[in-house]
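Trainee: Below is the structure I would like to discuss, written out as structure tokens.
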Amino acid sequence: MSFNLRSYNENYALPIAFAVGAALSLAFAPFGYWPLAILCPAWLFFAWQGVAPRRAVMIGFCFHAGTFLAGTYWLYHSVHTIGGAPIWLAIVLMLALVAIMGAYLALLGYLQARWLPASGVLRWYVGLPALWVLVEWWRGWFLSGFPWLSLGYAQIDSPLAGWVPLLGVYGVSLICVIAAGALVAVFEVGRRLYQLAIAVILLPCVVGLALQNHEWTRISDAPVTVAVVQASVPQDYKWSPEWRDKTLSLYRNLAKPYFGTPLIIWPEAALPDLSYELTDYLSELWGDAYRAHSDLVMGLLHYDFNHDAYYNGVLALGDQAQWYHKRHLVPFAEFFPVPESVRSWLRLMNLPYSDFTAGAVEQPTLRVAGQKLGLTICYEDGFGAEQLSILKDATLLVNVTNDAWFGETSAPPQHLEISRMRALEAGRDMVRAANDGISALITADGKVKATLPRFKQAVLTGTVQPRTGLTPYARVGNWPVLLLCMLGLIWVLFGSKYYLAGKNSVKSQAD
């Protein structure tokens, strides 16, 4: 009895695409099976071989739907379990995100079937990788963007991590999909491309390992001792009036034994009230910290009376009070891009509702503990290109977040993985303060130096190393990789046509 792999693949392409796409989610934290970020796209490229555009659309959609259903299922937990929205609404919102993410790869499927050569080196090594990265990049900014689960993040602990300071996350994604194309080329053509494929797969790993030993930025000052307060206040009680005073006391009592530490950091929206309602509390805390030679940095909601605007902010209390306001807000969580009538309906459905104002695009570093802090709040650190301008000044990176919305799901480990990528891209140590975890100290090479167990009330202490200078990626951002992909597509689209036209002309003359 014979077994035809291609026939089997075509007959069951859609359910297999969904399953392989779901398997791709295992490449990311907390699992970290990084080879899947190459093997799973390789299967997809193989499944797209020789199929019509409509079929390619369906395969691409199912693949990415599987990835994001398995990889971002935690949205259901945040909306229903924590937010209290009805089950049906949580499922609709989760599936809507899955469908949108699936649509991106459906588009990629159509474009490759419609425009790329049916086979050949240009298709597998240039065309498909270039299209993938351009669509992945577009997904990261279009309509506010959702850069979660970009292939490059899965390589933070792989040999390819050495490329991150040069090319950024999308450059590493490009290396992954070129390797995936090489695997398909071997399967489709056989031994003729075997040696080339081996070189394409192994050489970036070898070079990446060598690059990991290179320091792209330089030490600028003595190490700074920090204390990260993880109060682990349950999200169910965080904004409860009965818990207000208890939460204020909890943070103060956790922090006070560490007064004398140069830098003390609290997580996003640590205190359950607006800053102006906490004037006496903050003044007393600031005075005690100042006398002990400690500077405080805390996530805090801020109301601006002059502009009647609410901000998700970070307050730094050192020689003076300084604010950073979150720039990249979460749609349907921190702002609602819908008419007022729909907002009111969502509020009645118990969906977590608040409308914040985005902070200014350009904001200065916060000067505390003798350092210049580059701040991000929550998933802002998923948008690496938006942070590049601050790196010319920042000596340390700080991310404050509240991942308590996601409980014991894969979201917090995935978020930590993203933070590690930002530290490695920037060549800066990062301090990460999370309400119930994962609080961590991350070194400039993207390694986790210290962390706290999740859901534990504790204070993480250690040192971080201030640095100056810029990595190659920090100097130029994503544009070299994107330009390379665009030029590659032009080469594939027009070069292959000229090649075929010339081949046909020679054939007609011979006839």
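Labels for the structure tokens follow display order: chains A, B, ..., residues from 1 in each chain, ligands from 1.
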Give me the residues within 8 Å of Val169 in chain A as a list of chain:residue names, counting only C-alpha atoms and dropping any in the same chain fewer than 2 places off.
Mentor: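 The residues that qualify are A:Ser150, A:Leu151, A:Gly152, A:Tyr153, A:Val164, A:Leu167, A:Gly171, A:Val172, A:Ser173, A:Met421, A:Glu425.
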Trainee: Would you list the contacts of range 255-264 of chain A as a PyMOL selection string, taking every protein, DNA or RNA residue within 12 Å and counting only C-alpha atoms, but skipping same-chain residues closer than 5 positions in sequence?
Mentor: chain A and resi 223-231+248-250+284-299+315-318+367-373+396+398+431-433+457-464
Trainee: If you run DSSP on the backbone here, which positions in range 30-156 of chain A get helix (DSSP H, G or I)? Please write them as an MDAnalysis selection string.
Mentor: chainID A and resid 36:47 53:71 74:82 87:115 121:139 142:144 151:155
Trainee: Which polymer residues have any atom within 8 Å of an atom of Ala434 in chain A, counting only C-alpha atoms, with same-chain residues fewer than 3 positions away left out, as a ChimeraX atom specification?
Mentor: /A:230,266-268,400-403,437-439
Trainee: Using the selection just defined, write its residues with C-alpha atoms as a short mmCIF file (atom, residue, chain, number, x, y, z; two decimals), in the first residue's frame.
Mentor:
```cif
data_model
loop_
_atom_site.label_atom_id
_atom_site.label_comp_id
_atom_site.auth_asym_id
_atom_site.auth_seq_id
_atom_site.Cartn_x
_atom_site.Cartn_y
_atom_site.Cartn_z
CA GLN A 230 5.56 42.71 43.81
CA TRP A 266 6.32 49.53 41.87
CA PRO A 267 4.24 48.02 39.06
CA GLU A 268 1.62 49.49 36.73
CA VAL A 400 5.90 48.34 34.72
CA THR A 401 2.95 46.07 34.07
CA ASN A 402 -0.09 44.42 35.58
CA ASP A 403 -0.41 40.94 34.10
CA GLY A 437 4.65 38.50 38.30
CA ILE A 438 6.71 38.04 36.39
CA SER A 439 8.94 40.68 38.01
#
```
Trainee: Between CA of Val207 in chain A and CA of Leu484 in chain A, what distance in Å does the model show, to one decimal?
Mentor: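 Calculated distance between CA of Val207 in chain A and CA of Leu484 in chain A is 19.5 Å.
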Trainee: Any idea what the distance is between CA of Gly427 in chain A and CA of Gly168 in chain A?
Mentor: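 Spanning CA of Gly427 in chain A to CA of Gly168 in chain A is a straight-line distance of 11.3 Å.
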Trainee: Taking the DSSP secondary structure from the backbone, can you list the residues of range 91-320 of chain A that are strand (DSSP E), as a ChimeraX atom specification?
Mentor: /A:218-219,224-230,263-265,295-304,309-317
Trainee: Please identify all polymer residues within 12 Å of Pro35 in chain A, counting only C-alpha atoms, omitting same-chain residues fewer than 3 positions from it, and present them as a PyMOL selection string.
Mentor: chain A and resi 23-28+31-32+38-42+151-152+154-160+176-177+179-180+201+205
Trainee: With N, CA and C atoms retained, could you export that selection as a PDB file, in the first residue's frame?
Mentor:
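Contents of out37.pdb, freshly written:
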```pdb
ATOM      1  N   ALA A  23       0.571  24.247  16.869  1.00  0.00           N
ATOM      2  CA  ALA A  23       1.877  23.769  17.345  1.00  0.00           C
ATOM      3  C   ALA A  23       2.914  24.890  17.348  1.00  0.00           C
ATOM      4  N   LEU A  24       2.777  25.839  16.424  1.00  0.00           N
ATOM      5  CA  LEU A  24       3.713  26.961  16.382  1.00  0.00           C
ATOM      6  C   LEU A  24       3.706  27.747  17.685  1.00  0.00           C
ATOM      7  N   SER A  25       2.567  27.807  18.373  1.00  0.00           N
ATOM      8  CA  SER A  25       2.500  28.548  19.640  1.00  0.00           C
ATOM      9  C   SER A  25       3.446  27.961  20.684  1.00  0.00           C
ATOM     10  N   LEU A  26       3.832  26.692  20.518  1.00  0.00           N
ATOM     11  CA  LEU A  26       4.759  26.056  21.462  1.00  0.00           C
ATOM     12  C   LEU A  26       6.185  26.547  21.289  1.00  0.00           C
ATOM     13  N   ALA A  27       6.452  27.273  20.209  1.00  0.00           N
ATOM     14  CA  ALA A  27       7.789  27.843  20.017  1.00  0.00           C
ATOM     15  C   ALA A  27       8.046  28.989  20.989  1.00  0.00           C
ATOM     16  N   PHE A  28       6.973  29.574  21.518  1.00  0.00           N
ATOM     17  CA  PHE A  28       7.086  30.754  22.373  1.00  0.00           C
ATOM     18  C   PHE A  28       7.017  30.344  23.847  1.00  0.00           C
ATOM     19  N   PHE A  31       6.919  27.553  26.725  1.00  0.00           N
ATOM     20  CA  PHE A  31       7.425  26.260  26.254  1.00  0.00           C
ATOM     21  C   PHE A  31       8.830  26.397  25.652  1.00  0.00           C
ATOM     22  N   GLY A  32       8.991  27.330  24.709  1.00  0.00           N
ATOM     23  CA  GLY A  32      10.322  27.618  24.190  1.00  0.00           C
ATOM     24  C   GLY A  32      10.874  26.600  23.229  1.00  0.00           C
ATOM     25  N   ILE A  38      10.645  27.457  12.791  1.00  0.00           N
ATOM     26  CA  ILE A  38      11.155  27.180  11.446  1.00  0.00           C
ATOM     27  C   ILE A  38      10.368  26.043  10.801  1.00  0.00           C
ATOM     28  N   LEU A  39      10.132  24.982  11.564  1.00  0.00           N
ATOM     29  CA  LEU A  39       9.479  23.790  11.021  1.00  0.00           C
ATOM     30  C   LEU A  39       8.022  24.048  10.639  1.00  0.00           C
ATOM     31  N   CYS A  40       7.290  24.778  11.468  1.00  0.00           N
ATOM     32  CA  CYS A  40       5.866  25.017  11.181  1.00  0.00           C
ATOM     33  C   CYS A  40       5.667  25.904   9.944  1.00  0.00           C
ATOM     34  N   PRO A  41       6.383  27.030   9.805  1.00  0.00           N
ATOM     35  CA  PRO A  41       6.282  27.776   8.539  1.00  0.00           C
ATOM     36  C   PRO A  41       6.731  26.951   7.336  1.00  0.00           C
ATOM     37  N   ALA A  42       7.707  26.047   7.520  1.00  0.00           N
ATOM     38  CA  ALA A  42       8.137  25.194   6.414  1.00  0.00           C
ATOM     39  C   ALA A  42       6.992  24.316   5.936  1.00  0.00           C
ATOM     40  N   LEU A 151       7.619  35.652  14.898  1.00  0.00           N
ATOM     41  CA  LEU A 151       8.522  34.495  14.948  1.00  0.00           C
ATOM     42  C   LEU A 151       9.823  34.780  15.686  1.00  0.00           C
ATOM     43  N   GLY A 152      10.362  35.985  15.520  1.00  0.00           N
ATOM     44  CA  GLY A 152      11.650  36.306  16.120  1.00  0.00           C
ATOM     45  C   GLY A 152      11.672  36.170  17.629  1.00  0.00           C
ATOM     46  N   ALA A 154      10.479  33.891  19.438  1.00  0.00           N
ATOM     47  CA  ALA A 154      10.731  32.509  19.835  1.00  0.00           C
ATOM     48  C   ALA A 154      12.212  32.179  19.880  1.00  0.00           C
ATOM     49  N   GLN A 155      13.062  33.038  19.302  1.00  0.00           N
ATOM     50  CA  GLN A 155      14.498  32.749  19.203  1.00  0.00           C
ATOM     51  C   GLN A 155      15.318  33.407  20.302  1.00  0.00           C
ATOM     52  N   ILE A 156      14.675  33.909  21.341  1.00  0.00           N
ATOM     53  CA  ILE A 156      15.409  34.646  22.364  1.00  0.00           C
ATOM     54  C   ILE A 156      16.425  33.760  23.089  1.00  0.00           C
ATOM     55  N   ASP A 157      16.202  32.445  23.120  1.00  0.00           N
ATOM     56  CA  ASP A 157      17.148  31.528  23.752  1.00  0.00           C
ATOM     57  C   ASP A 157      17.812  30.595  22.749  1.00  0.00           C
ATOM     58  N   SER A 158      17.723  30.913  21.476  1.00  0.00           N
ATOM     59  CA  SER A 158      18.302  30.068  20.435  1.00  0.00           C
ATOM     60  C   SER A 158      19.624  30.667  19.948  1.00  0.00           C
ATOM     61  N   PRO A 159      20.391  29.949  19.124  1.00  0.00           N
ATOM     62  CA  PRO A 159      21.616  30.529  18.557  1.00  0.00           C
ATOM     63  C   PRO A 159      21.366  31.791  17.746  1.00  0.00           C
ATOM     64  N   LEU A 160      20.144  31.955  17.237  1.00  0.00           N
ATOM     65  CA  LEU A 160      19.842  33.135  16.418  1.00  0.00           C
ATOM     66  C   LEU A 160      19.714  34.412  17.237  1.00  0.00           C
ATOM     67  N   CYS A 176      14.401  33.036  10.203  1.00  0.00           N
ATOM     68  CA  CYS A 176      13.590  31.828  10.434  1.00  0.00           C
ATOM     69  C   CYS A 176      12.876  31.385   9.160  1.00  0.00           C
ATOM     70  N   VAL A 177      12.238  32.314   8.463  1.00  0.00           N
ATOM     71  CA  VAL A 177      11.450  31.908   7.291  1.00  0.00           C
ATOM     72  C   VAL A 177      12.329  31.606   6.084  1.00  0.00           C
ATOM     73  N   ALA A 179      15.123  29.961   6.480  1.00  0.00           N
ATOM     74  CA  ALA A 179      15.450  28.573   6.806  1.00  0.00           C
ATOM     75  C   ALA A 179      14.275  27.656   6.492  1.00  0.00           C
ATOM     76  N   ALA A 180      13.046  28.128   6.755  1.00  0.00           N
ATOM     77  CA  ALA A 180      11.864  27.332   6.413  1.00  0.00           C
ATOM     78  C   ALA A 180      11.781  27.108   4.905  1.00  0.00           C
ATOM     79  N   ILE A 201      20.642  27.135   6.601  1.00  0.00           N
ATOM     80  CA  ILE A 201      20.101  26.844   7.922  1.00  0.00           C
ATOM     81  C   ILE A 201      21.169  26.950   9.006  1.00  0.00           C
ATOM     82  N   CYS A 205      23.063  30.231  12.371  1.00  0.00           N
ATOM     83  CA  CYS A 205      23.183  29.764  13.754  1.00  0.00           C
ATOM     84  C   CYS A 205      24.618  29.896  14.248  1.00  0.00           C
TER      85      CYS A 205
END
```
Trainee: Using only C-alpha atoms, which residues sit within 10 Å of Val121 in chain A once same-chain residues fewer than 3 positions away are excluded, as number ranges by chain?
Mentor: A: 117, 124-127, 181-182, 185, 189, 193, 492
Trainee: Which of these residues is nearest to Glu277 in chain A, using only C-alpha atoms: A:Leu301, A:His77, A:Pro337, A:Trp216?
Mentor: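 For Glu277 in chain A, the nearest of the candidates is A:Leu301.
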Trainee: Do you have the CA of Arg420 in chain A-CA of Pro165 in chain A distance handy?
Mentor: 11.8 Å
Trainee: List as a list in words the protein and nucleic acid residues near Asp308 in chain A, meaning an atom at most 12 Å away when only C-alpha atoms are counted, but skip any in the same chain fewer than 3 places from it.
Mentor: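 These residues fall inside the cut-off: His302, Tyr303, Asp304, Phe305, Tyr311, Asp355, Phe356 and Thr357 of chain A.
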